[in-house]
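Asker: One file: run-v7.txt (compact mmCIF, C-alpha atoms).
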```txt
# COMPACT_ATOMS: atom_id res chain seq x y z
CA MET A 1 -90.51 -122.12 -115.79
CA THR A 2 -91.00 -123.16 -119.41
CA GLN A 3 -92.47 -120.55 -121.70
CA ILE A 4 -95.99 -121.65 -122.73
CA ASP A 5 -97.09 -121.02 -126.30
CA LEU A 6 -100.31 -119.25 -125.30
CA PRO A 7 -103.41 -119.28 -127.49
CA SER A 8 -104.72 -116.08 -129.11
CA PRO A 9 -107.90 -114.92 -130.90
CA ALA A 10 -106.12 -115.75 -134.17
CA SER A 11 -105.16 -119.22 -132.93
CA PRO A 12 -107.55 -120.15 -130.11
CA LEU A 13 -107.40 -123.12 -127.78
CA LYS A 14 -110.37 -125.35 -128.68
CA ILE A 15 -112.47 -126.49 -125.72
CA GLY A 16 -114.76 -129.44 -126.50
CA THR A 17 -118.05 -129.92 -124.66
CA ARG A 18 -121.55 -131.31 -124.92
CA GLY A 19 -124.18 -128.76 -125.84
CA SER A 20 -126.52 -128.96 -122.83
CA PRO A 21 -126.91 -125.78 -120.76
CA LEU A 22 -125.00 -127.39 -117.87
CA ALA A 23 -122.17 -128.67 -120.10
CA LEU A 24 -121.82 -125.21 -121.63
CA ALA A 25 -121.77 -123.57 -118.18
CA GLN A 26 -118.91 -125.91 -117.23
CA ALA A 27 -117.01 -125.09 -120.45
CA TYR A 28 -117.49 -121.35 -119.82
CA GLU A 29 -116.16 -121.76 -116.27
CA THR A 30 -113.10 -123.57 -117.64
CA ARG A 31 -112.54 -120.80 -120.20
CA ALA A 32 -112.92 -118.10 -117.54
CA ARG A 33 -110.40 -119.77 -115.22
CA LEU A 34 -107.86 -120.26 -118.03
CA ALA A 35 -108.34 -116.70 -119.28
CA ALA A 36 -107.83 -115.32 -115.76
CA ALA A 37 -104.79 -117.53 -115.08
CA PHE A 38 -102.97 -116.35 -118.21
CA ASP A 39 -104.51 -112.86 -118.59
CA LEU A 40 -106.07 -113.76 -121.95
CA PRO A 41 -109.29 -112.52 -123.61
CA ASP A 42 -112.22 -114.93 -123.87
CA ASP A 43 -111.80 -115.14 -127.64
CA ALA A 44 -108.37 -116.76 -127.20
CA PHE A 45 -110.56 -119.83 -126.56
CA GLU A 46 -113.13 -121.44 -128.82
CA ILE A 47 -115.99 -123.46 -127.33
CA VAL A 48 -116.64 -126.40 -129.67
CA VAL A 49 -120.01 -128.10 -129.13
CA ILE A 50 -119.96 -131.83 -129.89
CA LYS A 51 -123.13 -133.87 -130.11
CA THR A 52 -122.77 -137.16 -128.24
CA THR A 53 -124.91 -140.28 -128.44
CA GLY A 54 -126.27 -139.34 -125.00
CA ASP A 55 -127.69 -136.11 -126.44
CA ASN A 56 -129.94 -137.97 -128.88
CA GLN A 57 -133.48 -136.73 -128.20
CA ALA A 58 -135.02 -140.11 -129.07
CA LEU A 59 -132.86 -141.81 -126.41
CA ILE A 60 -133.80 -139.16 -123.84
CA ALA A 61 -137.48 -139.55 -124.68
CA ALA A 62 -137.20 -143.34 -124.35
CA ASP A 63 -136.59 -142.94 -120.58
CA LYS A 64 -134.47 -146.09 -120.36
CA PRO A 65 -131.75 -146.81 -117.79
CA LEU A 66 -128.28 -145.59 -118.74
CA LYS A 67 -126.87 -149.13 -118.75
CA GLU A 68 -129.40 -150.19 -121.43
CA LEU A 69 -128.40 -147.26 -123.63
CA GLY A 70 -124.67 -147.92 -123.49
CA GLY A 71 -123.38 -146.70 -120.11
CA LYS A 72 -121.29 -143.68 -119.28
CA GLY A 73 -119.48 -143.69 -122.63
CA LEU A 74 -122.68 -142.27 -124.15
CA PHE A 75 -121.63 -138.81 -123.01
CA THR A 76 -117.93 -139.03 -123.86
CA LYS A 77 -117.19 -141.19 -126.92
CA GLU A 78 -117.56 -138.56 -129.66
CA ILE A 79 -115.79 -135.90 -127.59
CA GLU A 80 -112.83 -138.20 -126.93
CA GLU A 81 -112.65 -139.11 -130.63
CA ASP A 82 -112.38 -135.40 -131.50
CA LEU A 83 -109.74 -134.93 -128.81
CA LEU A 84 -107.65 -137.80 -130.16
CA SER A 85 -107.98 -136.54 -133.76
CA GLY A 86 -106.88 -133.01 -132.77
CA ALA A 87 -110.22 -131.40 -133.66
CA ILE A 88 -110.24 -130.01 -130.10
CA ASP A 89 -107.42 -129.34 -127.63
CA ILE A 90 -109.10 -130.12 -124.30
CA ALA A 91 -112.46 -131.60 -123.26
CA VAL A 92 -114.62 -130.55 -120.30
CA HIS A 93 -116.66 -133.24 -118.56
CA SER A 94 -118.96 -133.79 -115.59
CA MET A 95 -116.81 -136.22 -113.61
CA LYS A 96 -119.73 -138.35 -112.50
CA ASP A 97 -120.33 -139.18 -116.20
CA MET A 98 -116.75 -140.32 -116.76
CA PRO A 99 -115.72 -143.98 -117.04
CA VAL A 100 -112.86 -144.85 -114.70
CA GLN A 101 -110.58 -145.72 -117.63
CA GLN A 102 -109.53 -143.23 -120.30
CA PRO A 103 -108.78 -144.30 -123.90
CA ASP A 104 -105.11 -144.75 -124.81
CA GLY A 105 -103.55 -141.39 -125.58
CA LEU A 106 -105.81 -139.38 -123.26
CA VAL A 107 -105.37 -138.31 -119.65
CA LEU A 108 -107.80 -136.82 -117.15
CA ASP A 109 -105.88 -135.19 -114.31
CA THR A 110 -107.23 -131.65 -114.01
CA TYR A 111 -110.21 -130.81 -111.79
CA LEU A 112 -111.86 -127.49 -111.03
CA PRO A 113 -112.91 -126.66 -107.44
CA ARG A 114 -115.79 -128.94 -106.53
CA GLU A 115 -119.35 -127.64 -106.20
CA ASP A 116 -122.00 -128.80 -103.72
CA VAL A 117 -121.90 -132.62 -103.78
CA ARG A 118 -125.46 -133.17 -102.52
CA ASP A 119 -128.49 -134.43 -104.40
CA ALA A 120 -131.50 -132.16 -104.70
CA PHE A 121 -135.11 -133.20 -104.07
CA ILE A 122 -137.19 -131.45 -106.75
CA SER A 123 -140.93 -131.03 -106.34
CA PRO A 124 -143.39 -128.18 -106.93
CA SER A 125 -145.31 -129.05 -103.74
CA LEU A 126 -143.16 -131.20 -101.42
CA THR A 127 -139.84 -130.60 -99.65
CA SER A 128 -138.56 -134.08 -98.76
CA ILE A 129 -138.82 -137.79 -99.50
CA HIS A 130 -140.55 -138.08 -96.10
CA ASP A 131 -143.46 -136.00 -97.45
CA LEU A 132 -144.25 -138.51 -100.20
CA ALA A 133 -147.46 -140.47 -99.77
CA LYS A 134 -147.36 -144.26 -99.84
CA GLY A 135 -147.00 -145.51 -103.42
CA ALA A 136 -146.10 -142.07 -104.78
CA VAL A 137 -144.59 -141.90 -108.30
CA VAL A 138 -140.98 -140.71 -108.25
CA GLY A 139 -138.94 -140.02 -111.40
CA THR A 140 -135.21 -140.70 -111.76
CA SER A 141 -132.91 -142.18 -114.41
CA SER A 142 -130.17 -142.85 -111.84
CA LEU A 143 -129.73 -146.47 -110.81
CA ARG A 144 -128.08 -145.28 -107.58
CA ARG A 145 -130.89 -142.90 -106.60
CA ARG A 146 -133.52 -145.49 -107.49
CA ALA A 147 -131.87 -148.12 -105.26
CA GLN A 148 -131.33 -145.65 -102.39
CA LEU A 149 -134.96 -144.49 -102.56
CA LEU A 150 -136.35 -148.03 -102.61
CA HIS A 151 -134.03 -149.07 -99.78
CA ARG A 152 -135.56 -146.34 -97.59
CA ARG A 153 -139.07 -146.36 -99.07
CA PRO A 154 -139.87 -149.71 -100.76
CA ASP A 155 -143.46 -148.53 -101.22
CA LEU A 156 -142.50 -145.87 -103.78
CA ASN A 157 -143.17 -146.32 -107.49
CA VAL A 158 -139.93 -145.26 -109.19
CA VAL A 159 -140.21 -144.51 -112.93
CA GLN A 160 -137.49 -143.73 -115.50
CA PHE A 161 -136.92 -140.02 -115.98
CA ARG A 162 -134.26 -138.82 -118.45
CA GLY A 163 -133.28 -135.43 -119.87
CA ASN A 164 -131.69 -132.17 -118.78
CA VAL A 165 -132.97 -129.92 -116.00
CA GLN A 166 -135.51 -128.20 -118.24
CA THR A 167 -136.88 -131.48 -119.64
CA ARG A 168 -137.30 -132.99 -116.18
CA LEU A 169 -139.06 -129.91 -114.80
CA ARG A 170 -141.47 -130.02 -117.73
CA LYS A 171 -142.24 -133.69 -116.99
CA LEU A 172 -142.99 -132.80 -113.36
CA SER A 173 -145.34 -130.00 -114.44
CA GLU A 174 -147.09 -132.50 -116.71
CA GLY A 175 -147.69 -134.77 -113.71
CA VAL A 176 -145.49 -137.67 -114.89
CA ALA A 177 -144.14 -137.90 -111.32
CA GLU A 178 -144.50 -136.10 -107.98
CA CYS A 179 -140.80 -135.43 -107.62
CA THR A 180 -137.43 -136.00 -109.19
CA PHE A 181 -133.79 -135.62 -108.19
CA LEU A 182 -130.92 -133.60 -109.62
CA ALA A 183 -127.45 -132.65 -108.45
CA MET A 184 -127.26 -129.42 -106.44
CA ALA A 185 -124.04 -128.66 -108.35
CA GLY A 186 -125.87 -128.43 -111.66
CA LEU A 187 -128.56 -126.16 -110.27
CA ASN A 188 -125.92 -123.88 -108.72
CA ARG A 189 -123.84 -123.73 -111.91
CA LEU A 190 -126.94 -122.80 -113.90
CA ALA A 191 -127.99 -120.27 -111.22
CA MET A 192 -131.43 -121.91 -111.15
CA ALA A 193 -132.59 -120.48 -107.84
CA ASP A 194 -136.20 -120.64 -109.08
CA VAL A 195 -136.21 -124.45 -109.24
CA PRO A 196 -138.20 -125.95 -106.32
CA ALA A 197 -135.17 -127.76 -104.89
CA ASN A 198 -134.22 -128.90 -101.40
CA ALA A 199 -130.71 -130.24 -100.74
CA ILE A 200 -130.58 -133.78 -99.32
CA GLU A 201 -127.88 -134.21 -96.69
CA THR A 202 -125.24 -136.82 -97.54
CA ASN A 203 -126.21 -138.90 -94.48
CA ASP A 204 -129.65 -139.36 -96.06
CA MET A 205 -128.49 -139.92 -99.66
CA LEU A 206 -124.82 -140.52 -100.36
CA PRO A 207 -124.02 -138.95 -103.75
CA ALA A 208 -122.56 -140.48 -106.89
CA VAL A 209 -118.80 -140.81 -107.06
CA ALA A 210 -117.28 -137.49 -108.26
CA GLN A 211 -120.62 -135.66 -108.13
CA GLY A 212 -120.18 -131.88 -108.39
CA ALA A 213 -116.72 -132.11 -109.96
CA ILE A 214 -115.64 -130.87 -113.41
CA GLY A 215 -112.77 -132.72 -115.08
CA ILE A 216 -110.68 -131.57 -118.03
CA GLU A 217 -109.23 -134.17 -120.38
CA ARG A 218 -106.28 -133.69 -122.75
CA ARG A 219 -103.99 -135.67 -125.02
CA THR A 220 -101.22 -137.38 -123.04
CA ASN A 221 -98.50 -135.94 -125.29
CA ASP A 222 -99.82 -132.35 -125.33
CA SER A 223 -97.39 -130.55 -123.02
CA ARG A 224 -98.85 -127.11 -123.76
CA ALA A 225 -102.34 -128.17 -122.60
CA ALA A 226 -100.76 -129.91 -119.58
CA ASP A 227 -98.89 -126.73 -118.56
CA MET A 228 -101.95 -124.52 -118.99
CA LEU A 229 -104.27 -126.89 -117.11
CA ALA A 230 -101.82 -127.19 -114.22
CA ALA A 231 -102.51 -123.51 -113.50
CA ILE A 232 -106.23 -124.13 -112.80
CA HIS A 233 -106.11 -127.61 -111.21
CA ASP A 234 -107.67 -127.83 -107.74
CA GLN A 235 -105.52 -130.14 -105.64
CA GLN A 236 -108.13 -130.89 -102.96
CA THR A 237 -110.71 -131.98 -105.53
CA GLY A 238 -108.04 -134.20 -107.09
CA GLN A 239 -107.26 -135.80 -103.73
CA ARG A 240 -110.92 -136.50 -103.05
CA LEU A 241 -111.57 -137.94 -106.51
CA ALA A 242 -108.48 -140.16 -106.32
CA ALA A 243 -110.11 -141.99 -103.40
CA GLU A 244 -113.64 -142.02 -104.86
CA ARG A 245 -112.65 -143.17 -108.34
CA ALA A 246 -110.32 -145.87 -106.97
CA PHE A 247 -113.31 -147.14 -104.95
CA LEU A 248 -115.53 -147.10 -108.06
CA ALA A 249 -112.91 -148.75 -110.30
CA ALA A 250 -112.34 -151.58 -107.83
CA LEU A 251 -116.10 -152.22 -107.54
CA ASP A 252 -117.70 -151.80 -110.94
CA GLY A 253 -117.68 -148.53 -112.85
CA SER A 254 -120.00 -149.74 -115.59
CA CYS A 255 -123.28 -148.04 -114.59
CA GLU A 256 -124.77 -151.46 -113.87
CA THR A 257 -124.26 -151.41 -110.11
CA PRO A 258 -125.79 -148.77 -107.81
CA ILE A 259 -122.71 -147.26 -106.15
CA ALA A 260 -122.33 -144.13 -104.02
CA GLY A 261 -119.12 -142.68 -102.65
CA LEU A 262 -117.87 -139.47 -101.07
CA ALA A 263 -114.45 -138.40 -99.84
CA GLU A 264 -114.06 -135.33 -97.62
CA LEU A 265 -110.91 -133.69 -96.27
CA ASP A 266 -110.28 -132.51 -92.71
CA GLY A 267 -106.76 -131.20 -92.19
CA THR A 268 -104.43 -134.01 -93.24
CA THR A 269 -107.15 -136.66 -92.97
CA LEU A 270 -109.45 -138.01 -95.66
CA ARG A 271 -112.81 -139.52 -94.77
CA LEU A 272 -114.32 -141.92 -97.31
CA ARG A 273 -117.87 -143.20 -97.23
CA GLY A 274 -118.99 -145.86 -99.69
CA GLU A 275 -122.24 -147.69 -100.41
CA VAL A 276 -123.23 -150.51 -102.77
CA LEU A 277 -126.86 -151.52 -103.24
CA ARG A 278 -128.99 -154.04 -105.03
CA PRO A 279 -130.92 -152.25 -107.81
CA ASP A 280 -134.26 -153.06 -106.14
CA GLY A 281 -133.07 -151.46 -102.89
CA SER A 282 -133.59 -154.67 -100.93
CA GLU A 283 -130.04 -154.61 -99.58
CA ALA A 284 -127.38 -151.95 -99.00
CA ILE A 285 -123.82 -152.38 -97.74
CA SER A 286 -121.81 -149.39 -96.60
CA ASP A 287 -118.59 -148.36 -94.91
CA ASP A 288 -117.05 -145.21 -93.43
CA GLN A 289 -113.28 -144.93 -92.85
CA ARG A 290 -110.50 -142.37 -92.47
CA CYS A 291 -106.85 -142.30 -93.58
CA PRO A 292 -104.03 -139.83 -94.34
CA ILE A 293 -104.92 -137.88 -97.52
CA GLU A 294 -102.07 -139.41 -99.52
CA ASP A 295 -103.46 -142.92 -98.87
CA GLY A 296 -106.91 -142.08 -100.28
CA ALA A 297 -106.71 -144.22 -103.42
CA GLU A 298 -105.43 -147.17 -101.41
CA LEU A 299 -108.33 -146.77 -98.97
CA GLY A 300 -110.77 -146.62 -101.91
CA ARG A 301 -109.53 -149.96 -103.21
CA ALA A 302 -109.48 -151.53 -99.72
CA MET A 303 -113.02 -150.34 -98.98
CA ALA A 304 -114.25 -151.77 -102.27
CA ALA A 305 -112.64 -155.13 -101.45
CA LYS A 306 -114.24 -155.10 -98.00
CA LEU A 307 -117.73 -154.35 -99.39
CA LEU A 308 -117.37 -157.01 -102.09
CA ASP A 309 -116.40 -159.49 -99.40
CA GLN A 310 -119.37 -158.45 -97.25
CA ALA A 311 -121.74 -158.67 -100.20
CA GLY A 312 -120.96 -162.34 -100.68
CA GLU A 313 -121.65 -164.45 -103.73
CA GLY A 314 -125.37 -163.86 -104.10
CA PHE A 315 -125.34 -160.07 -104.02
CA PHE A 316 -124.59 -159.57 -107.71
CA ASP A 317 -126.75 -162.44 -109.00
CA TRP A 318 -129.10 -159.98 -110.70
CA LYS A 319 -126.32 -159.03 -113.15
CA ARG A 320 -126.11 -162.47 -114.79
```
Represent the supplied structure as structure tokens.

Answerer:
Amino acid sequence: MTQIDLPSPASPLKIGTRGSPLALAQAYETRARLAAAFDLPDDAFEIVVIKTTGDNQALIAADKPLKELGGKGLFTKEIEEDLLSGAIDIAVHSMKDMPVQQPDGLVLDTYLPREDVRDAFISPSLTSIHDLAKGAVVGTSSLRRRAQLLHRRPDLNVVQFRGNVQTRLRKLSEGVAECTFLAMAGLNRLAMADVPANAIETNDMLPAVAQGAIGIERRTNDSRAADMLAAIHDQQTGQRLAAERAFLAALDGSCETPIAGLAELDGTTLRLRGEVLRPDGSEAISDDQRCPIEDGAELGRAMAAKLLDQAGEGFFDWKR
């Protein structure tokens, strides 16, 4: 095995991240796993907080859909620029925020073990979407969740709801909406057991592609980072995301189309479920298939093609 030039407190490995509590928790987990894998102290790593366009308080307060604000790149552009320039050595991301294409010179092929993939129903007084009265006000900034909710409950009044966990809980307490939705993974990583959350089973609300997964990005030509990251990569998460992200890439990974997708492993078999919806929830097309694990990406692309074919010409008219 090649000898790795390990970082030290005098020359730390720089880990780039957004500054939200959840982003920091993910960066700390990455640091802890690297430190344990190479028997290094925490201060052999430096957490570098990078402010992204998506962290702009005025944008969060505007409560506009992600696609109107610039799509998924809002949370990654500045971090990737610092990675390319060498200001940081690796970057830690929530995989559901990541565009399906990386900029030239960067690669994203390391994933930590995946957390709970489910969405969480958040309400101080209710436990499920079924408890909501007719016409109830529901807050979410997710195009996917909005479409899924309206598909099941067209009577609901869905309003835009941006911000981190703390911001959204404050909005609920102020009565802006009766409930909102978050990822169970984020609540678990922040150890927020006090949040009034109830997990929604994936049969009731299929999650976003790559939900609950942390990805670590590096420069393509950085063999030291590649060797270190190989020690903490979770193969099963990688196999699942290969199928999910192939599905997303073949459909439309731009944040403009409500898409859900989840791959699960059972022995040597991968099960992939996918769903595409109209933003107003008036129509949903889904599929559920199995294949050998190594064929996951191929299945993702095939399922996307099948759903696009089923959707027909009129399905995406709203995007024009």

Asker: Could you tell me which of A:Met303, A:Val159, A:Ala242, A:Pro12 comes closest to A:Ala147 if we count only C-alpha atoms?

Answerer: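 Using only C-alpha atoms, A:Ala147 sits closest to A:Val159.
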
Asker: Would you please work out which residue, of A:Gly186, A:Gly238, A:Gly312, A:Pro279, is nearest to A:Ser94 when using all atoms listed in the file?

Answerer: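 Smallest separation from A:Ser94 among the options: A:Gly186.
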
Asker: Could you tell me how far atom CA of A:Gln235 lies from atom CA of A:Gly212, in Å and to one decimal?

Answerer: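 According to the coordinates, atom CA of A:Gln235 and atom CA of A:Gly212 are separated by 15.0 Å.
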
Asker: As an exercise, work out the distance from atom CA of A:Asp82 to atom CA of A:Ile50 in Å and give it to one decimal place.

Answerer: 8.5 Å

Asker: Taking 3 positions as the minimum chain separation for residues in the same chain, which residues sit within 10 Å of A:Ala231 when counting only C-alpha atoms? Answer as a PyMOL selection string.

Answerer: chain A and resi 33-34+37-38+110+226-228+234

Asker: Of the candidates A:Pro113, A:Pro154, A:Gly274, A:Gly261, which one gets nearest to A:Leu307 if we count all atoms listed in the file?

Answerer: A:Gly274

Asker: For A:Thr220, find every residue with an atom within 9 Å (counting all atoms listed in the file), except residues of its own chain fewer than 4 positions away, and show them as a ChimeraX atom specification.

Answerer: /A:104-108,226

Asker: Using only C-alpha atoms, which residue out of A:Asp155, A:Glu264, A:Asp131, A:Glu178 lies closest to A:Asp280?

Answerer: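 Looking only at the distances to A:Asp280, the closest residue turns out to be A:Asp155.
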
Asker: In Å, rounded to a single decimal, give me how far atom CA of A:Thr257 is from atom CA of A:Val276.

Answerer: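 Atom CA of A:Thr257 lies 7.5 Å from atom CA of A:Val276.
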
Asker: Here is a test: counting all atoms listed in the file, which residue of A:Thr52, A:Ser223, A:Ser20, A:Asn198 is nearest to A:Ala120?

Answerer: A:Asn198

Asker: Go through A:Cys179, A:Ala185, A:Leu22, A:Ile15 and flag the residue nearest A:Ala133, using all atoms listed in the file for the distances.

Answerer: A:Cys179

Asker: Select all residues near (-127.1, -138.4, -101.1) (cut-off 9 Å, inclusive, file coordinates), counting all atoms listed in the file, and output them as a list in words.

Answerer: Val117, Arg118, Asp119, Ala120, Arg145, Gln148, Ala199, Ile200, Glu201, Thr202, Asn203, Asp204, Met205, Leu206, Pro207, Ala208 and Ala260 of chain A

Asker: List as an NGL selection string: which residues have an atom within 8 Å of (-135.7, -137.2, -109.7), counting all atoms listed in the file?

Answerer: :A and (121-122 or 138-141 or 161 or 168 or 179-182)

Asker: Write out as a count of residues only each polymer residue whose atoms come within 12 Å of A:Glu78, counting only C-alpha atoms; drop sequence neighbours fewer than 4 positions from it.

Answerer: 20

Asker: Find the residues near A:Leu248: any atom within 9 Å, counting all atoms listed in the file, skip ones fewer than 5 places away on the same chain, and give them as a list of chain:residue names.

Answerer: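 Near neighbours after the sequence-gap exclusion: A:Val100, A:Val209, A:Ala243, A:Gly253, A:Ile259, A:Ala260, A:Gly261, A:Gly300, A:Arg301, A:Ala304.
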
Asker: Within 12 Å of A:Pro124, counting only C-alpha atoms, which residues show up once you throw out same-chain ones fewer than 4 positions away? Write them as a ChimeraX atom specification, please.

Answerer: /A:128,169-175,177-180,194-198

Asker: Any chance you could model all heavy atoms for stretch 157-166 of chain A and send them as a PDB file, in the coordinates of the input?

Answerer:
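Result written to rebuild-v3.pdb:
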```pdb
ATOM      1  N   ASN A 157    -143.143-145.846-106.107  1.00  0.00           N
ATOM      2  CA  ASN A 157    -143.170-146.320-107.490  1.00  0.00           C
ATOM      3  C   ASN A 157    -142.170-145.470-108.276  1.00  0.00           C
ATOM      4  O   ASN A 157    -142.444-144.315-108.592  1.00  0.00           O
ATOM      5  CB  ASN A 157    -144.592-146.156-108.052  1.00  0.00           C
ATOM      6  CG  ASN A 157    -144.685-146.588-109.502  1.00  0.00           C
ATOM      7  OD1 ASN A 157    -143.771-147.228-110.033  1.00  0.00           O
ATOM      8  ND2 ASN A 157    -145.769-146.226-110.156  1.00  0.00           N
ATOM      9  N   VAL A 158    -140.987-146.034-108.541  1.00  0.00           N
ATOM     10  CA  VAL A 158    -139.930-145.260-109.190  1.00  0.00           C
ATOM     11  C   VAL A 158    -139.968-145.495-110.697  1.00  0.00           C
ATOM     12  O   VAL A 158    -139.864-146.639-111.156  1.00  0.00           O
ATOM     13  CB  VAL A 158    -138.539-145.652-108.634  1.00  0.00           C
ATOM     14  CG1 VAL A 158    -137.454-144.784-109.250  1.00  0.00           C
ATOM     15  CG2 VAL A 158    -138.509-145.516-107.110  1.00  0.00           C
ATOM     16  N   VAL A 159    -140.135-144.398-111.468  1.00  0.00           N
ATOM     17  CA  VAL A 159    -140.210-144.510-112.930  1.00  0.00           C
ATOM     18  C   VAL A 159    -138.974-143.850-113.572  1.00  0.00           C
ATOM     19  O   VAL A 159    -138.351-142.967-112.982  1.00  0.00           O
ATOM     20  CB  VAL A 159    -141.502-143.854-113.476  1.00  0.00           C
ATOM     21  CG1 VAL A 159    -142.730-144.561-112.928  1.00  0.00           C
ATOM     22  CG2 VAL A 159    -141.567-142.356-113.148  1.00  0.00           C
ATOM     23  N   GLN A 160    -138.634-144.295-114.784  1.00  0.00           N
ATOM     24  CA  GLN A 160    -137.490-143.730-115.500  1.00  0.00           C
ATOM     25  C   GLN A 160    -137.766-142.285-115.903  1.00  0.00           C
ATOM     26  O   GLN A 160    -138.861-141.944-116.330  1.00  0.00           O
ATOM     27  CB  GLN A 160    -137.200-144.562-116.761  1.00  0.00           C
ATOM     28  CG  GLN A 160    -136.482-145.859-116.470  1.00  0.00           C
ATOM     29  CD  GLN A 160    -135.111-145.642-115.855  1.00  0.00           C
ATOM     30  OE1 GLN A 160    -134.396-144.720-116.214  1.00  0.00           O
ATOM     31  NE2 GLN A 160    -134.753-146.489-114.919  1.00  0.00           N
ATOM     32  N   PHE A 161    -136.751-141.454-115.781  1.00  0.00           N
ATOM     33  CA  PHE A 161    -136.920-140.020-115.980  1.00  0.00           C
ATOM     34  C   PHE A 161    -135.615-139.471-116.538  1.00  0.00           C
ATOM     35  O   PHE A 161    -134.676-139.227-115.803  1.00  0.00           O
ATOM     36  CB  PHE A 161    -137.171-139.405-114.598  1.00  0.00           C
ATOM     37  CG  PHE A 161    -138.236-138.336-114.556  1.00  0.00           C
ATOM     38  CD1 PHE A 161    -139.525-138.603-114.946  1.00  0.00           C
ATOM     39  CD2 PHE A 161    -137.941-137.067-114.075  1.00  0.00           C
ATOM     40  CE1 PHE A 161    -140.519-137.634-114.851  1.00  0.00           C
ATOM     41  CE2 PHE A 161    -138.922-136.085-113.983  1.00  0.00           C
ATOM     42  CZ  PHE A 161    -140.213-136.368-114.373  1.00  0.00           C
ATOM     43  N   ARG A 162    -135.506-139.304-117.858  1.00  0.00           N
ATOM     44  CA  ARG A 162    -134.260-138.820-118.450  1.00  0.00           C
ATOM     45  C   ARG A 162    -134.394-137.369-118.899  1.00  0.00           C
ATOM     46  O   ARG A 162    -135.467-136.797-118.896  1.00  0.00           O
ATOM     47  CB  ARG A 162    -133.860-139.674-119.658  1.00  0.00           C
ATOM     48  CG  ARG A 162    -133.511-141.104-119.296  1.00  0.00           C
ATOM     49  CD  ARG A 162    -132.557-141.707-120.287  1.00  0.00           C
ATOM     50  NE  ARG A 162    -131.245-141.065-120.186  1.00  0.00           N
ATOM     51  CZ  ARG A 162    -130.377-141.281-119.203  1.00  0.00           C
ATOM     52  NH1 ARG A 162    -130.664-142.107-118.233  1.00  0.00           N
ATOM     53  NH2 ARG A 162    -129.227-140.654-119.168  1.00  0.00           N
ATOM     54  N   GLY A 163    -133.252-136.789-119.309  1.00  0.00           N
ATOM     55  CA  GLY A 163    -133.280-135.430-119.870  1.00  0.00           C
ATOM     56  C   GLY A 163    -132.582-134.422-118.991  1.00  0.00           C
ATOM     57  O   GLY A 163    -132.242-134.698-117.841  1.00  0.00           O
ATOM     58  N   ASN A 164    -132.357-133.228-119.547  1.00  0.00           N
ATOM     59  CA  ASN A 164    -131.690-132.170-118.780  1.00  0.00           C
ATOM     60  C   ASN A 164    -132.652-131.545-117.779  1.00  0.00           C
ATOM     61  O   ASN A 164    -133.807-131.958-117.660  1.00  0.00           O
ATOM     62  CB  ASN A 164    -131.070-131.124-119.720  1.00  0.00           C
ATOM     63  CG  ASN A 164    -132.119-130.423-120.576  1.00  0.00           C
ATOM     64  OD1 ASN A 164    -133.293-130.363-120.233  1.00  0.00           O
ATOM     65  ND2 ASN A 164    -131.696-129.887-121.701  1.00  0.00           N
ATOM     66  N   VAL A 165    -132.170-130.556-117.062  1.00  0.00           N
ATOM     67  CA  VAL A 165    -132.970-129.920-116.000  1.00  0.00           C
ATOM     68  C   VAL A 165    -134.322-129.456-116.540  1.00  0.00           C
ATOM     69  O   VAL A 165    -135.379-129.728-115.961  1.00  0.00           O
ATOM     70  CB  VAL A 165    -132.206-128.715-115.405  1.00  0.00           C
ATOM     71  CG1 VAL A 165    -133.033-128.046-114.325  1.00  0.00           C
ATOM     72  CG2 VAL A 165    -130.870-129.157-114.831  1.00  0.00           C
ATOM     73  N   GLN A 166    -134.284-128.768-117.678  1.00  0.00           N
ATOM     74  CA  GLN A 166    -135.510-128.200-118.240  1.00  0.00           C
ATOM     75  C   GLN A 166    -136.512-129.293-118.627  1.00  0.00           C
ATOM     76  O   GLN A 166    -137.714-129.174-118.351  1.00  0.00           O
ATOM     77  CB  GLN A 166    -135.156-127.344-119.479  1.00  0.00           C
ATOM     78  CG  GLN A 166    -134.353-126.085-119.160  1.00  0.00           C
ATOM     79  CD  GLN A 166    -132.859-126.342-118.909  1.00  0.00           C
ATOM     80  OE1 GLN A 166    -132.352-127.454-119.036  1.00  0.00           O
ATOM     81  NE2 GLN A 166    -132.145-125.292-118.542  1.00  0.00           N
TER      82      GLN A 166
END
```
